[in-house]
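**Student:** Structure in structure tokens, see below.
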Amino acid sequence: GDTVELEDGRRIRMLNINAEEKARAWGKEAGDFLKEFEGEIVELEKEGIDSYGRTLGRIYFENYYLNLKLVELGLAHPYLVDENELKEFKKFEEKAKEQEIGIWKKSEHYECLNADINKKEEYVIIEDNCGLNFNGWTLKDESTKQYKFKDISFDRIKIYSEKGDDSENEIYWGRGKAWNDDRDAIFIRDSNGFLAYYDSYS
């Protein structure tokens, strides 16, 4: 959903956005949108190479700025946006949120949760006010780090990013560092992939 391959074999990581992995909720939809442009001639504005050897860039097709279009359609969210483009990307993100489309489609349980991230000590506290069962739910940061809940219910739980032994009120993700000090976001999705909680800080 945010990476394409050109006819010459180059892989392009689209700048300013992050879409879900293809096996996760909304990842397939983002990929399907980009597949609509298979075989087309696009304009590529390059901006370096990432650590995976992919070309970083902006992709344009006729009047479409595809990186931005994915955000407008709710198929990706802004991520490490260039300062000169931040205002425009945030505008289209807010539009998608208001329309509750794509990754912003709300769960019927959207008002049930509260969450508080402690970025220094690497944990998040989640409170459930509706007596939910979290089997199949997911918690994700702004990038690709995701935790999938087991068959569990709770009123209040603390989820540590590091490794450790789970207890009744504490879960260890085993991910290592997850929450950035400067900026990040939290997405909690129900078992259908719909958004049950979102917050961000910068």
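Each chain in the structure tokens gets a letter, A, B and so on, in the order shown; residues start at 1 in every chain, and ligands are counted from 1 in the order they appear.
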Go through region 7-198 of chain A and collect every residue that DSSP, computed from the backbone, puts in strand (DSSP E or B); the answer should be as JSON, numbers by chain.
**Tutor:** {"A": [11, 12, 13, 14, 17, 18, 43, 44, 45, 46, 47, 48, 49, 55, 56, 57, 58, 59, 60, 61, 64, 65, 77, 78, 106, 113, 114, 115, 116, 117, 118, 123, 124, 125, 126, 127, 128, 138, 139, 140, 146, 147, 148, 156, 157, 158, 159, 160, 170, 171, 172, 184, 185, 186, 187, 188, 189, 195, 196, 197, 198]}
**Student:** Any idea what's packed within 9 Å of region 54-71 of chain A, counting only C-alpha atoms, ignoring anything in its chain fewer than 2 positions away? Could you give it as a PyMOL selection string?
**Tutor:** chain A and resi 1-3+10-19+30+33-34+37+40-52+73-78+88-90+92-93+96
**Student:** Between A:Lys105, A:Arg24, A:Arg156, A:Arg183, which is the closest to Lys119 (chain A) once you count only C-alpha atoms?
**Tutor:** A:Arg183
**Student:** Which polymer residues have any atom within 6 Å of an atom of Ile125 (chain A), counting only C-alpha atoms, with same-chain residues fewer than 3 positions away left out, as JSON, numbers by chain?
**Tutor:** {"A": [115, 116, 157, 158]}
**Student:** List the spatial neighbours of Phe154 (chain A) as an mmCIF file with all heavy atoms, in the first residue's frame - criterion: any atom at most 12 Å away, only C-alpha atoms, same-chain residues fewer than 3 positions off excluded.
**Tutor:**
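The result, stored in selection_1.cif:
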```cif
data_model
loop_
_atom_site.group_PDB
_atom_site.id
_atom_site.type_symbol
_atom_site.label_atom_id
_atom_site.label_comp_id
_atom_site.auth_asym_id
_atom_site.auth_seq_id
_atom_site.Cartn_x
_atom_site.Cartn_y
_atom_site.Cartn_z
ATOM 1 N N LEU A 113 -12.892 3.061 25.034
ATOM 2 C CA LEU A 113 -11.522 2.961 25.529
ATOM 3 C C LEU A 113 -10.877 4.308 25.819
ATOM 4 O O LEU A 113 -11.212 5.321 25.206
ATOM 5 C CB LEU A 113 -10.649 2.231 24.505
ATOM 6 C CG LEU A 113 -11.095 0.843 24.054
ATOM 7 C CD1 LEU A 113 -10.102 0.284 23.046
ATOM 8 C CD2 LEU A 113 -11.250 -0.094 25.231
ATOM 9 N N ILE A 125 -1.138 2.330 29.085
ATOM 10 C CA ILE A 125 -2.231 1.890 29.948
ATOM 11 C C ILE A 125 -3.531 2.037 29.167
ATOM 12 O O ILE A 125 -3.830 3.102 28.625
ATOM 13 C CB ILE A 125 -2.295 2.719 31.237
ATOM 14 C CG1 ILE A 125 -1.039 2.468 32.092
ATOM 15 C CG2 ILE A 125 -3.557 2.374 32.036
ATOM 16 C CD1 ILE A 125 -0.955 3.344 33.321
ATOM 17 N N ILE A 126 -4.295 0.951 29.101
ATOM 18 C CA ILE A 126 -5.576 0.963 28.401
ATOM 19 C C ILE A 126 -6.694 0.693 29.399
ATOM 20 O O ILE A 126 -6.607 -0.243 30.200
ATOM 21 C CB ILE A 126 -5.612 -0.097 27.282
ATOM 22 C CG1 ILE A 126 -4.492 0.145 26.275
ATOM 23 C CG2 ILE A 126 -6.969 -0.086 26.572
ATOM 24 C CD1 ILE A 126 -4.370 -0.939 25.228
ATOM 25 N N GLU A 127 -7.719 1.514 29.348
ATOM 26 C CA GLU A 127 -8.894 1.331 30.200
ATOM 27 C C GLU A 127 -10.103 1.026 29.325
ATOM 28 O O GLU A 127 -10.334 1.682 28.308
ATOM 29 C CB GLU A 127 -9.153 2.591 31.030
ATOM 30 C CG GLU A 127 -8.036 2.895 32.014
ATOM 31 C CD GLU A 127 -8.309 4.162 32.820
ATOM 32 O OE1 GLU A 127 -9.198 4.941 32.396
ATOM 33 O OE2 GLU A 127 -7.643 4.357 33.847
ATOM 34 N N ASP A 128 -10.861 0.006 29.729
ATOM 35 C CA ASP A 128 -12.057 -0.397 28.992
ATOM 36 C C ASP A 128 -13.277 -0.125 29.861
ATOM 37 O O ASP A 128 -13.393 -0.645 30.970
ATOM 38 C CB ASP A 128 -11.970 -1.885 28.638
ATOM 39 C CG ASP A 128 -13.284 -2.453 28.136
ATOM 40 O OD1 ASP A 128 -14.083 -1.681 27.578
ATOM 41 O OD2 ASP A 128 -13.510 -3.666 28.307
ATOM 42 N N ASN A 129 -14.188 0.682 29.355
ATOM 43 C CA ASN A 129 -15.394 1.048 30.105
ATOM 44 C C ASN A 129 -16.628 0.262 29.682
ATOM 45 O O ASN A 129 -17.730 0.541 30.161
ATOM 46 C CB ASN A 129 -15.680 2.547 29.918
ATOM 47 C CG ASN A 129 -14.516 3.407 30.364
ATOM 48 O OD1 ASN A 129 -13.992 3.243 31.457
ATOM 49 N ND2 ASN A 129 -14.090 4.328 29.500
ATOM 50 N N CYS A 130 -16.442 -0.739 28.798
ATOM 51 C CA CYS A 130 -17.606 -1.445 28.240
ATOM 52 C C CYS A 130 -17.587 -2.958 28.468
ATOM 53 O O CYS A 130 -18.472 -3.661 27.973
ATOM 54 C CB CYS A 130 -17.718 -1.167 26.750
ATOM 55 S SG CYS A 130 -17.959 0.575 26.338
ATOM 56 N N GLY A 131 -16.594 -3.472 29.172
ATOM 57 C CA GLY A 131 -16.545 -4.911 29.426
ATOM 58 C C GLY A 131 -16.336 -5.741 28.170
ATOM 59 O O GLY A 131 -16.998 -6.761 27.970
ATOM 60 N N LEU A 132 -15.404 -5.339 27.325
ATOM 61 C CA LEU A 132 -15.180 -5.989 26.032
ATOM 62 C C LEU A 132 -14.278 -7.213 26.153
ATOM 63 O O LEU A 132 -13.499 -7.347 27.097
ATOM 64 C CB LEU A 132 -14.523 -4.997 25.069
ATOM 65 C CG LEU A 132 -15.290 -3.696 24.809
ATOM 66 C CD1 LEU A 132 -14.414 -2.739 24.002
ATOM 67 C CD2 LEU A 132 -16.591 -3.972 24.073
ATOM 68 N N ASN A 133 -14.376 -8.095 25.162
ATOM 69 C CA ASN A 133 -13.400 -9.162 24.996
ATOM 70 C C ASN A 133 -12.488 -8.749 23.847
ATOM 71 O O ASN A 133 -12.967 -8.388 22.768
ATOM 72 C CB ASN A 133 -14.079 -10.493 24.677
ATOM 73 C CG ASN A 133 -13.070 -11.629 24.573
ATOM 74 O OD1 ASN A 133 -12.305 -11.700 23.618
ATOM 75 N ND2 ASN A 133 -13.067 -12.514 25.542
ATOM 76 N N PHE A 134 -11.175 -8.789 24.060
ATOM 77 C CA PHE A 134 -10.216 -8.236 23.107
ATOM 78 C C PHE A 134 -9.597 -9.273 22.180
ATOM 79 O O PHE A 134 -8.625 -8.972 21.490
ATOM 80 C CB PHE A 134 -9.122 -7.479 23.856
ATOM 81 C CG PHE A 134 -9.591 -6.163 24.411
ATOM 82 C CD1 PHE A 134 -10.298 -6.104 25.594
ATOM 83 C CD2 PHE A 134 -9.356 -4.988 23.719
ATOM 84 C CE1 PHE A 134 -10.753 -4.887 26.099
ATOM 85 C CE2 PHE A 134 -9.807 -3.776 24.197
ATOM 86 C CZ PHE A 134 -10.510 -3.723 25.403
ATOM 87 N N ASN A 135 -10.158 -10.448 22.137
ATOM 88 C CA ASN A 135 -9.609 -11.496 21.278
ATOM 89 C C ASN A 135 -9.590 -11.040 19.809
ATOM 90 O O ASN A 135 -10.619 -10.670 19.242
ATOM 91 C CB ASN A 135 -10.438 -12.775 21.405
ATOM 92 C CG ASN A 135 -9.801 -13.946 20.689
ATOM 93 O OD1 ASN A 135 -8.575 -14.068 20.627
ATOM 94 N ND2 ASN A 135 -10.618 -14.822 20.133
ATOM 95 N N PHE A 149 -3.915 -8.883 20.487
ATOM 96 C CA PHE A 149 -4.421 -9.347 21.774
ATOM 97 C C PHE A 149 -4.844 -10.809 21.714
ATOM 98 O O PHE A 149 -5.358 -11.291 20.701
ATOM 99 C CB PHE A 149 -5.625 -8.504 22.209
ATOM 100 C CG PHE A 149 -5.287 -7.118 22.642
ATOM 101 C CD1 PHE A 149 -5.274 -6.074 21.730
ATOM 102 C CD2 PHE A 149 -4.982 -6.835 23.969
ATOM 103 C CE1 PHE A 149 -4.965 -4.786 22.117
ATOM 104 C CE2 PHE A 149 -4.675 -5.543 24.377
ATOM 105 C CZ PHE A 149 -4.663 -4.516 23.444
ATOM 106 N N LYS A 150 -4.662 -11.484 22.843
ATOM 107 C CA LYS A 150 -5.170 -12.843 23.004
ATOM 108 C C LYS A 150 -6.604 -12.754 23.543
ATOM 109 O O LYS A 150 -7.170 -11.682 23.630
ATOM 110 C CB LYS A 150 -4.262 -13.618 23.965
ATOM 111 C CG LYS A 150 -2.815 -13.705 23.468
ATOM 112 C CD LYS A 150 -1.908 -14.290 24.519
ATOM 113 C CE LYS A 150 -0.444 -14.277 24.054
ATOM 114 N NZ LYS A 150 0.481 -14.746 25.114
ATOM 115 N N ASP A 151 -7.163 -13.876 23.898
ATOM 116 C CA ASP A 151 -8.527 -13.925 24.447
ATOM 117 C C ASP A 151 -8.489 -13.360 25.858
ATOM 118 O O ASP A 151 -8.160 -14.059 26.818
ATOM 119 C CB ASP A 151 -9.027 -15.368 24.448
ATOM 120 C CG ASP A 151 -10.511 -15.463 24.757
ATOM 121 O OD1 ASP A 151 -11.122 -14.416 25.048
ATOM 122 O OD2 ASP A 151 -11.062 -16.572 24.707
ATOM 123 N N ILE A 157 -5.402 -2.260 31.960
ATOM 124 C CA ILE A 157 -4.233 -3.105 31.764
ATOM 125 C C ILE A 157 -3.051 -2.252 31.319
ATOM 126 O O ILE A 157 -3.225 -1.221 30.659
ATOM 127 C CB ILE A 157 -4.532 -4.228 30.737
ATOM 128 C CG1 ILE A 157 -3.537 -5.369 30.901
ATOM 129 C CG2 ILE A 157 -4.533 -3.699 29.316
ATOM 130 C CD1 ILE A 157 -4.000 -6.666 30.275
ATOM 131 N N LYS A 158 -1.861 -2.694 31.696
ATOM 132 C CA LYS A 158 -0.626 -2.008 31.307
ATOM 133 C C LYS A 158 0.132 -2.921 30.352
ATOM 134 O O LYS A 158 0.409 -4.072 30.672
ATOM 135 C CB LYS A 158 0.224 -1.698 32.539
ATOM 136 C CG LYS A 158 1.483 -0.906 32.233
ATOM 137 C CD LYS A 158 2.315 -0.694 33.494
ATOM 138 C CE LYS A 158 1.691 0.322 34.421
ATOM 139 N NZ LYS A 158 2.601 0.659 35.574
ATOM 140 N N ILE A 159 0.450 -2.402 29.165
ATOM 141 C CA ILE A 159 1.166 -3.175 28.158
ATOM 142 C C ILE A 159 2.564 -2.594 27.984
ATOM 143 O O ILE A 159 2.728 -1.477 27.483
ATOM 144 C CB ILE A 159 0.419 -3.175 26.815
ATOM 145 C CG1 ILE A 159 -0.986 -3.755 26.992
ATOM 146 C CG2 ILE A 159 1.196 -3.975 25.770
ATOM 147 C CD1 ILE A 159 -1.813 -3.755 25.730
ATOM 148 N N SER A 167 1.180 -10.854 33.722
ATOM 149 C CA SER A 167 0.421 -11.068 34.951
ATOM 150 C C SER A 167 -1.013 -10.651 34.685
ATOM 151 O O SER A 167 -1.382 -10.318 33.557
ATOM 152 C CB SER A 167 1.019 -10.249 36.104
ATOM 153 O OG SER A 167 0.923 -8.861 35.828
ATOM 154 N N GLU A 168 -1.838 -10.645 35.700
ATOM 155 C CA GLU A 168 -3.255 -10.354 35.511
ATOM 156 C C GLU A 168 -3.494 -8.959 34.950
ATOM 157 O O GLU A 168 -4.381 -8.758 34.113
ATOM 158 C CB GLU A 168 -3.997 -10.497 36.852
ATOM 159 C CG GLU A 168 -5.503 -10.304 36.723
ATOM 160 C CD GLU A 168 -6.235 -10.516 38.036
ATOM 161 O OE1 GLU A 168 -5.582 -10.899 39.027
ATOM 162 O OE2 GLU A 168 -7.455 -10.290 38.068
ATOM 163 N N ASN A 169 -2.693 -7.992 35.370
ATOM 164 C CA ASN A 169 -2.903 -6.606 34.952
ATOM 165 C C ASN A 169 -1.774 -6.032 34.112
ATOM 166 O O ASN A 169 -1.764 -4.844 33.823
ATOM 167 C CB ASN A 169 -3.114 -5.721 36.190
ATOM 168 C CG ASN A 169 -4.336 -6.129 36.976
ATOM 169 O OD1 ASN A 169 -5.403 -6.307 36.405
ATOM 170 N ND2 ASN A 169 -4.173 -6.301 38.289
ATOM 171 N N GLU A 170 -0.818 -6.879 33.726
ATOM 172 C CA GLU A 170 0.314 -6.410 32.934
ATOM 173 C C GLU A 170 0.617 -7.398 31.811
ATOM 174 O O GLU A 170 0.626 -8.605 32.026
ATOM 175 C CB GLU A 170 1.559 -6.226 33.806
ATOM 176 C CG GLU A 170 1.425 -5.121 34.843
ATOM 177 C CD GLU A 170 2.685 -4.950 35.679
ATOM 178 O OE1 GLU A 170 3.530 -5.877 35.638
ATOM 179 O OE2 GLU A 170 2.812 -3.928 36.352
ATOM 180 N N ILE A 171 0.857 -6.868 30.616
ATOM 181 C CA ILE A 171 1.210 -7.672 29.441
ATOM 182 C C ILE A 171 2.531 -7.152 28.896
ATOM 183 O O ILE A 171 2.772 -5.948 28.880
ATOM 184 C CB ILE A 171 0.125 -7.569 28.354
ATOM 185 C CG1 ILE A 171 -1.178 -8.228 28.811
ATOM 186 C CG2 ILE A 171 0.586 -8.218 27.046
ATOM 187 C CD1 ILE A 171 -2.314 -8.056 27.821
#
```
**Student:** For the atom pair CA of Lys177 (chain A) and CA of Glu111 (chain A), what is the interatomic distance in Å to one decimal place?
**Tutor:**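 According to the coordinates, CA of Lys177 (chain A) and CA of Glu111 (chain A) are separated by 28.0 Å.
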**Student:** What's around region 196-201 of chain A at 6 Å? Count only C-alpha atoms, leave out sequence neighbours fewer than 5 positions away in its own chain, and write the answer as a VMD selection string.
**Tutor:** chain A and resid 107 109 to 110 183 to 189
**Student:** How would the residues just chosen look if you wrote them out with all heavy atoms as a PDB file, in the first residue's frame?
**Tutor:**
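Below is the file selection07.pdb, written as the result:
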```pdb
ATOM      1  N   SER A 107     -15.090   1.681  14.926  1.00  0.00           N
ATOM      2  CA  SER A 107     -15.728   0.512  15.536  1.00  0.00           C
ATOM      3  C   SER A 107     -16.973   0.952  16.313  1.00  0.00           C
ATOM      4  O   SER A 107     -17.074   2.095  16.762  1.00  0.00           O
ATOM      5  CB  SER A 107     -14.738  -0.162  16.491  1.00  0.00           C
ATOM      6  OG  SER A 107     -15.381  -1.095  17.330  1.00  0.00           O
ATOM      7  N   HIS A 109     -17.417   0.173  19.106  1.00  0.00           N
ATOM      8  CA  HIS A 109     -16.895   0.321  20.468  1.00  0.00           C
ATOM      9  C   HIS A 109     -15.971   1.529  20.607  1.00  0.00           C
ATOM     10  O   HIS A 109     -15.181   1.612  21.549  1.00  0.00           O
ATOM     11  CB  HIS A 109     -16.128  -0.941  20.877  1.00  0.00           C
ATOM     12  CG  HIS A 109     -16.896  -2.207  20.690  1.00  0.00           C
ATOM     13  ND1 HIS A 109     -18.084  -2.459  21.349  1.00  0.00           N
ATOM     14  CD2 HIS A 109     -16.657  -3.286  19.894  1.00  0.00           C
ATOM     15  CE1 HIS A 109     -18.536  -3.656  20.986  1.00  0.00           C
ATOM     16  NE2 HIS A 109     -17.692  -4.161  20.105  1.00  0.00           N
ATOM     17  N   TYR A 110     -16.048   2.470  19.676  1.00  0.00           N
ATOM     18  CA  TYR A 110     -15.086   3.563  19.630  1.00  0.00           C
ATOM     19  C   TYR A 110     -15.054   4.397  20.913  1.00  0.00           C
ATOM     20  O   TYR A 110     -14.007   4.903  21.281  1.00  0.00           O
ATOM     21  CB  TYR A 110     -15.380   4.480  18.432  1.00  0.00           C
ATOM     22  CG  TYR A 110     -14.295   5.510  18.204  1.00  0.00           C
ATOM     23  CD1 TYR A 110     -13.103   5.157  17.579  1.00  0.00           C
ATOM     24  CD2 TYR A 110     -14.450   6.820  18.634  1.00  0.00           C
ATOM     25  CE1 TYR A 110     -12.086   6.091  17.382  1.00  0.00           C
ATOM     26  CE2 TYR A 110     -13.435   7.766  18.436  1.00  0.00           C
ATOM     27  CZ  TYR A 110     -12.269   7.392  17.810  1.00  0.00           C
ATOM     28  OH  TYR A 110     -11.272   8.311  17.630  1.00  0.00           O
ATOM     29  N   ARG A 183       7.566  11.869  18.553  1.00  0.00           N
ATOM     30  CA  ARG A 183       6.242  11.825  17.948  1.00  0.00           C
ATOM     31  C   ARG A 183       5.838  10.381  17.695  1.00  0.00           C
ATOM     32  O   ARG A 183       6.678   9.527  17.407  1.00  0.00           O
ATOM     33  CB  ARG A 183       6.211  12.580  16.616  1.00  0.00           C
ATOM     34  CG  ARG A 183       7.245  12.125  15.624  1.00  0.00           C
ATOM     35  CD  ARG A 183       7.010  12.695  14.251  1.00  0.00           C
ATOM     36  NE  ARG A 183       5.782  12.153  13.670  1.00  0.00           N
ATOM     37  CZ  ARG A 183       5.157  12.712  12.635  1.00  0.00           C
ATOM     38  NH1 ARG A 183       5.626  13.804  12.089  1.00  0.00           N
ATOM     39  NH2 ARG A 183       4.062  12.170  12.150  1.00  0.00           N
ATOM     40  N   ASP A 184       4.549  10.105  17.813  1.00  0.00           N
ATOM     41  CA  ASP A 184       4.043   8.764  17.543  1.00  0.00           C
ATOM     42  C   ASP A 184       2.521   8.808  17.590  1.00  0.00           C
ATOM     43  O   ASP A 184       1.929   9.850  17.879  1.00  0.00           O
ATOM     44  CB  ASP A 184       4.580   7.736  18.544  1.00  0.00           C
ATOM     45  CG  ASP A 184       4.873   6.397  17.890  1.00  0.00           C
ATOM     46  OD1 ASP A 184       4.114   5.991  16.985  1.00  0.00           O
ATOM     47  OD2 ASP A 184       5.858   5.741  18.275  1.00  0.00           O
ATOM     48  N   ALA A 185       1.909   7.669  17.303  1.00  0.00           N
ATOM     49  CA  ALA A 185       0.450   7.561  17.349  1.00  0.00           C
ATOM     50  C   ALA A 185       0.088   6.156  17.786  1.00  0.00           C
ATOM     51  O   ALA A 185       0.881   5.217  17.628  1.00  0.00           O
ATOM     52  CB  ALA A 185      -0.165   7.866  15.983  1.00  0.00           C
ATOM     53  N   ILE A 186      -1.099   6.009  18.342  1.00  0.00           N
ATOM     54  CA  ILE A 186      -1.595   4.698  18.758  1.00  0.00           C
ATOM     55  C   ILE A 186      -2.918   4.419  18.049  1.00  0.00           C
ATOM     56  O   ILE A 186      -3.810   5.267  18.024  1.00  0.00           O
ATOM     57  CB  ILE A 186      -1.755   4.610  20.295  1.00  0.00           C
ATOM     58  CG1 ILE A 186      -2.310   3.241  20.699  1.00  0.00           C
ATOM     59  CG2 ILE A 186      -2.604   5.743  20.843  1.00  0.00           C
ATOM     60  CD1 ILE A 186      -2.336   3.005  22.200  1.00  0.00           C
ATOM     61  N   PHE A 187      -2.997   3.241  17.433  1.00  0.00           N
ATOM     62  CA  PHE A 187      -4.210   2.762  16.788  1.00  0.00           C
ATOM     63  C   PHE A 187      -4.632   1.472  17.493  1.00  0.00           C
ATOM     64  O   PHE A 187      -3.837   0.532  17.570  1.00  0.00           O
ATOM     65  CB  PHE A 187      -3.971   2.424  15.315  1.00  0.00           C
ATOM     66  CG  PHE A 187      -3.563   3.576  14.447  1.00  0.00           C
ATOM     67  CD1 PHE A 187      -2.246   4.024  14.419  1.00  0.00           C
ATOM     68  CD2 PHE A 187      -4.484   4.205  13.619  1.00  0.00           C
ATOM     69  CE1 PHE A 187      -1.853   5.065  13.592  1.00  0.00           C
ATOM     70  CE2 PHE A 187      -4.099   5.254  12.793  1.00  0.00           C
ATOM     71  CZ  PHE A 187      -2.792   5.690  12.778  1.00  0.00           C
ATOM     72  N   ILE A 188      -5.846   1.405  17.988  1.00  0.00           N
ATOM     73  CA  ILE A 188      -6.391   0.161  18.522  1.00  0.00           C
ATOM     74  C   ILE A 188      -7.578  -0.217  17.638  1.00  0.00           C
ATOM     75  O   ILE A 188      -8.500   0.578  17.453  1.00  0.00           O
ATOM     76  CB  ILE A 188      -6.835   0.296  19.989  1.00  0.00           C
ATOM     77  CG1 ILE A 188      -5.642   0.710  20.869  1.00  0.00           C
ATOM     78  CG2 ILE A 188      -7.418  -1.029  20.498  1.00  0.00           C
ATOM     79  CD1 ILE A 188      -5.992   0.937  22.332  1.00  0.00           C
ATOM     80  N   ARG A 189      -7.527  -1.426  17.075  1.00  0.00           N
ATOM     81  CA  ARG A 189      -8.581  -1.879  16.165  1.00  0.00           C
ATOM     82  C   ARG A 189      -9.276  -3.118  16.716  1.00  0.00           C
ATOM     83  O   ARG A 189      -8.637  -3.966  17.357  1.00  0.00           O
ATOM     84  CB  ARG A 189      -7.994  -2.196  14.783  1.00  0.00           C
ATOM     85  CG  ARG A 189      -7.359  -0.991  14.130  1.00  0.00           C
ATOM     86  CD  ARG A 189      -7.014  -1.246  12.661  1.00  0.00           C
ATOM     87  NE  ARG A 189      -6.399  -0.053  12.083  1.00  0.00           N
ATOM     88  CZ  ARG A 189      -7.087   1.004  11.652  1.00  0.00           C
ATOM     89  NH1 ARG A 189      -8.408   0.984  11.703  1.00  0.00           N
ATOM     90  NH2 ARG A 189      -6.466   2.064  11.165  1.00  0.00           N
TER      91      ARG A 189
END
```
**Student:** So which bits of region 39-202 of chain A end up helix (DSSP H, G or I) when you DSSP the backbone, as a PyMOL selection string?
**Tutor:** chain A and resi 66-72+83-99+102-104
